[in-house]
Amino acid sequence: MDHSPHNPLPSAPLTRAAQASANRRFALSALGSLGVATLWGCGGGGSDTATTDTTDTSGTGTGTGTGTGTGTGTGTGTGTGTGTTTCSVVPEETAGPYPADGSTASNNTYNVLALSGIVRSDIRSSIGSSTQVGGVPLTITITLTNTQASCAPLAGYAIYLWHCTQDGNYSVYTSNNIADNYLRGVQATDASGTVTFTTIVPGCYAGRMPHMHLEVYPSLAAASNARNKVKTTQLAFPTALLSSIYSSNAGYSASVRNLAAITFATDNVFSDGTALEMTTMQANTGGGYAASITISIAA
């Protein structure tokens, strides 16, 4: 037992009155403590519930708010795609009776392809002559493409083009003279697969819709005889426009009657369709017309 001098001396016994007073203070103190404890328990639990239960289960609600914000962003993107271009081989058609390509046609073997000077763009006169045939001026642009290479242009091929005059006649065979070789010519396709001939609007003779003939050769060197050709076809022209041209130009008077008597459906070449042989055609600023077409072969 510690008997150090710091321990206080025992207290004197309380009087009755003092004891009663002390008991009252203890009771009041205990009641006050109990009230504080009760308030802390209710207050804490209520506060937690109010803070965490924020879900509106009624399905409705209202609210207001304001806010500002700024933002910046950058982005880059790249994309690649591939596609296949398709085209169809132009139909094979007859060269007709007047090709003058070295083949046996109309019981003759005329061959203008062997003539010096047949490679030319303006075919309105015979080779070496300055006299041009009559007719409405026409330029025709032909583009040659390859069905085996996504319709890529075929450069360096040769196209031999021929057609009739405004009154429906063919050179060479009309006079039986190879020196009369107007409205015939050969050209090599350029890097775009294109050739352009300067000529006249072809006439319409009895039994056929207006047309032009052409043969395709793999090169200028090969364009010397029909044996070397890789395609023979014919080109068609818009009927309504040709009818208007024929009616407006006296040199085509026979064509007016002949065109009125035939249609593509009754033509022995075009009756199976002209979708791949029909040119587009329009007037140009020089008083003539321009036609164009893209044809394809399997090269």
# chains A, B, ... in the order shown; residues from 1 in each chain; ligands from 1
>>> residues_around(residues="segment 266-281 of chain A", least_positions_apart="6", cutoff="7 Å", atoms="only C-alpha atoms", output="VMD selection string")
chain A and resid 90 208 to 209 234 to 237 289 to 293 295
>>> select_by_dssp(residues="segment 63-275 of chain A", states="strand (DSSP E or B)", output="number ranges by chain")
A: 101, 105, 108, 111, 119, 122, 125, 132, 137-146, 152-153, 158-162, 184-188, 194-200, 211-217, 231-236
>>> residues_around(residues="Gln148 of chain A", least_positions_apart="2", cutoff="10 Å", atoms="only C-alpha atoms", output="mmCIF file with C-alpha atoms, in the first residue's frame")
data_model
loop_
_atom_site.group_PDB
_atom_site.id
_atom_site.type_symbol
_atom_site.label_atom_id
_atom_site.label_comp_id
_atom_site.auth_asym_id
_atom_site.auth_seq_id
_atom_site.Cartn_x
_atom_site.Cartn_y
_atom_site.Cartn_z
ATOM 1 C CA THR A 86 -16.650 -3.572 -114.494
ATOM 2 C CA CYS A 87 -17.364 -3.271 -118.188
ATOM 3 C CA SER A 88 -18.633 -5.601 -120.879
ATOM 4 C CA VAL A 89 -17.155 -6.722 -124.171
ATOM 5 C CA THR A 145 -10.746 -0.338 -122.592
ATOM 6 C CA ASN A 146 -9.854 -3.786 -121.301
ATOM 7 C CA SER A 150 -10.794 -3.340 -114.524
ATOM 8 C CA CYS A 151 -11.588 -1.425 -117.715
ATOM 9 C CA ALA A 152 -8.115 0.093 -117.991
ATOM 10 C CA SER A 296 -14.357 -2.663 -124.329
ATOM 11 C CA ILE A 297 -12.613 -5.822 -125.431
ATOM 12 C CA ALA A 298 -11.030 -8.714 -123.520
ATOM 13 C CA ALA A 299 -7.339 -8.057 -124.136
#
>>> residues_around(residues="Leu214 of chain A", least_positions_apart="5", cutoff="8 Å", atoms="only C-alpha atoms", output="PDB file with N, CA and C atoms, in the first residue's frame")
ATOM      1  N   ALA A  95     -18.836  -7.174-140.495  1.00  0.00           N
ATOM      2  CA  ALA A  95     -18.128  -6.073-141.152  1.00  0.00           C
ATOM      3  C   ALA A  95     -18.924  -5.565-142.349  1.00  0.00           C
ATOM      4  N   ILE A 159      -7.489   1.379-134.438  1.00  0.00           N
ATOM      5  CA  ILE A 159      -8.909   1.333-134.778  1.00  0.00           C
ATOM      6  C   ILE A 159      -9.087   1.788-136.228  1.00  0.00           C
ATOM      7  N   TYR A 160      -9.690   0.928-137.011  1.00  0.00           N
ATOM      8  CA  TYR A 160     -10.026   1.229-138.400  1.00  0.00           C
ATOM      9  C   TYR A 160     -11.513   1.553-138.450  1.00  0.00           C
ATOM     10  N   LEU A 161     -11.854   2.765-138.897  1.00  0.00           N
ATOM     11  CA  LEU A 161     -13.234   3.237-138.941  1.00  0.00           C
ATOM     12  C   LEU A 161     -13.648   3.501-140.383  1.00  0.00           C
ATOM     13  N   TRP A 162     -14.866   3.092-140.748  1.00  0.00           N
ATOM     14  CA  TRP A 162     -15.425   3.429-142.057  1.00  0.00           C
ATOM     15  C   TRP A 162     -16.943   3.525-141.980  1.00  0.00           C
ATOM     16  N   THR A 232     -14.585  -6.828-134.362  1.00  0.00           N
ATOM     17  CA  THR A 232     -15.344  -6.098-135.374  1.00  0.00           C
ATOM     18  C   THR A 232     -16.681  -5.737-134.756  1.00  0.00           C
ATOM     19  N   THR A 233     -17.063  -4.478-134.852  1.00  0.00           N
ATOM     20  CA  THR A 233     -18.348  -4.076-134.285  1.00  0.00           C
ATOM     21  C   THR A 233     -18.911  -2.902-135.068  1.00  0.00           C
ATOM     22  N   GLN A 234     -20.065  -2.396-134.621  1.00  0.00           N
ATOM     23  CA  GLN A 234     -20.704  -1.242-135.256  1.00  0.00           C
ATOM     24  C   GLN A 234     -21.181  -0.269-134.189  1.00  0.00           C
ATOM     25  N   LEU A 235     -21.266   1.007-134.566  1.00  0.00           N
ATOM     26  CA  LEU A 235     -21.698   2.054-133.649  1.00  0.00           C
ATOM     27  C   LEU A 235     -23.048   2.606-134.087  1.00  0.00           C
TER      28      LEU A 235
END
>>> atom_distance(atom1="atom CA of Leu183 of chain A", atom2="atom CA of Ser171 of chain A")
7.1 Å
>>> atom_distance(atom1="atom CA of Leu220 of chain A", atom2="atom CA of Thr85 of chain A")
27.8 Å
>>> residues_around(residues="Val201 of chain A", least_positions_apart="3", cutoff="12 Å", atoms="only C-alpha atoms", output="PyMOL selection string")
chain A and resi 124+133-140+162-168+183+197-198+204+210-212+236-238+241-246+249+251-252+255+281-283+288-291
>>> closest_atom_pairs(of="segment 215-282 of chain A", to="segment 186-193 of chain A", cutoff="12 Å", atoms="only C-alpha atoms", output="tab-separated table")
residue	atom	partner	partner_atom	distance
A:Glu215	CA	A:Val186	CA	9.4
A:Val216	CA	A:Val186	CA	9.6
A:Tyr217	CA	A:Ala188	CA	9.1
A:Pro218	CA	A:Ala188	CA	9.4
A:Ser219	CA	A:Ala188	CA	7.2
A:Leu220	CA	A:Ala188	CA	6.2
A:Ala221	CA	A:Ala188	CA	9.9
A:Ala222	CA	A:Ala188	CA	11.0
A:Ala223	CA	A:Val186	CA	8.0
A:Ser224	CA	A:Val186	CA	10.0
>>> atom_distance(atom1="atom CA of Ser121 of chain A", atom2="atom CA of Thr196 of chain A")
6.5 Å
>>> residues_around(residues="Ile123 of chain A", least_positions_apart="4", cutoff="6 Å", atoms="only C-alpha atoms", output="list in words")
Tyr182, Leu183, Arg184, Gly185 and Thr199 of chain A
>>> write_last_selection(atoms="C-alpha atoms", output="mmCIF file, in the first residue's frame")
data_model
loop_
_atom_site.group_PDB
_atom_site.id
_atom_site.type_symbol
_atom_site.label_atom_id
_atom_site.label_comp_id
_atom_site.auth_asym_id
_atom_site.auth_seq_id
_atom_site.Cartn_x
_atom_site.Cartn_y
_atom_site.Cartn_z
ATOM 1 C CA TYR A 182 -12.937 8.727 -148.394
ATOM 2 C CA LEU A 183 -14.617 8.091 -145.037
ATOM 3 C CA ARG A 184 -12.026 5.459 -144.118
ATOM 4 C CA GLY A 185 -9.083 5.796 -141.764
ATOM 5 C CA THR A 199 -15.798 13.029 -140.516
#
>>> closest_residue(among="A:Ala114, A:Val195, A:Ala179, A:Ala206", to="Leu144 of chain A", atoms="only C-alpha atoms")
A:Val195
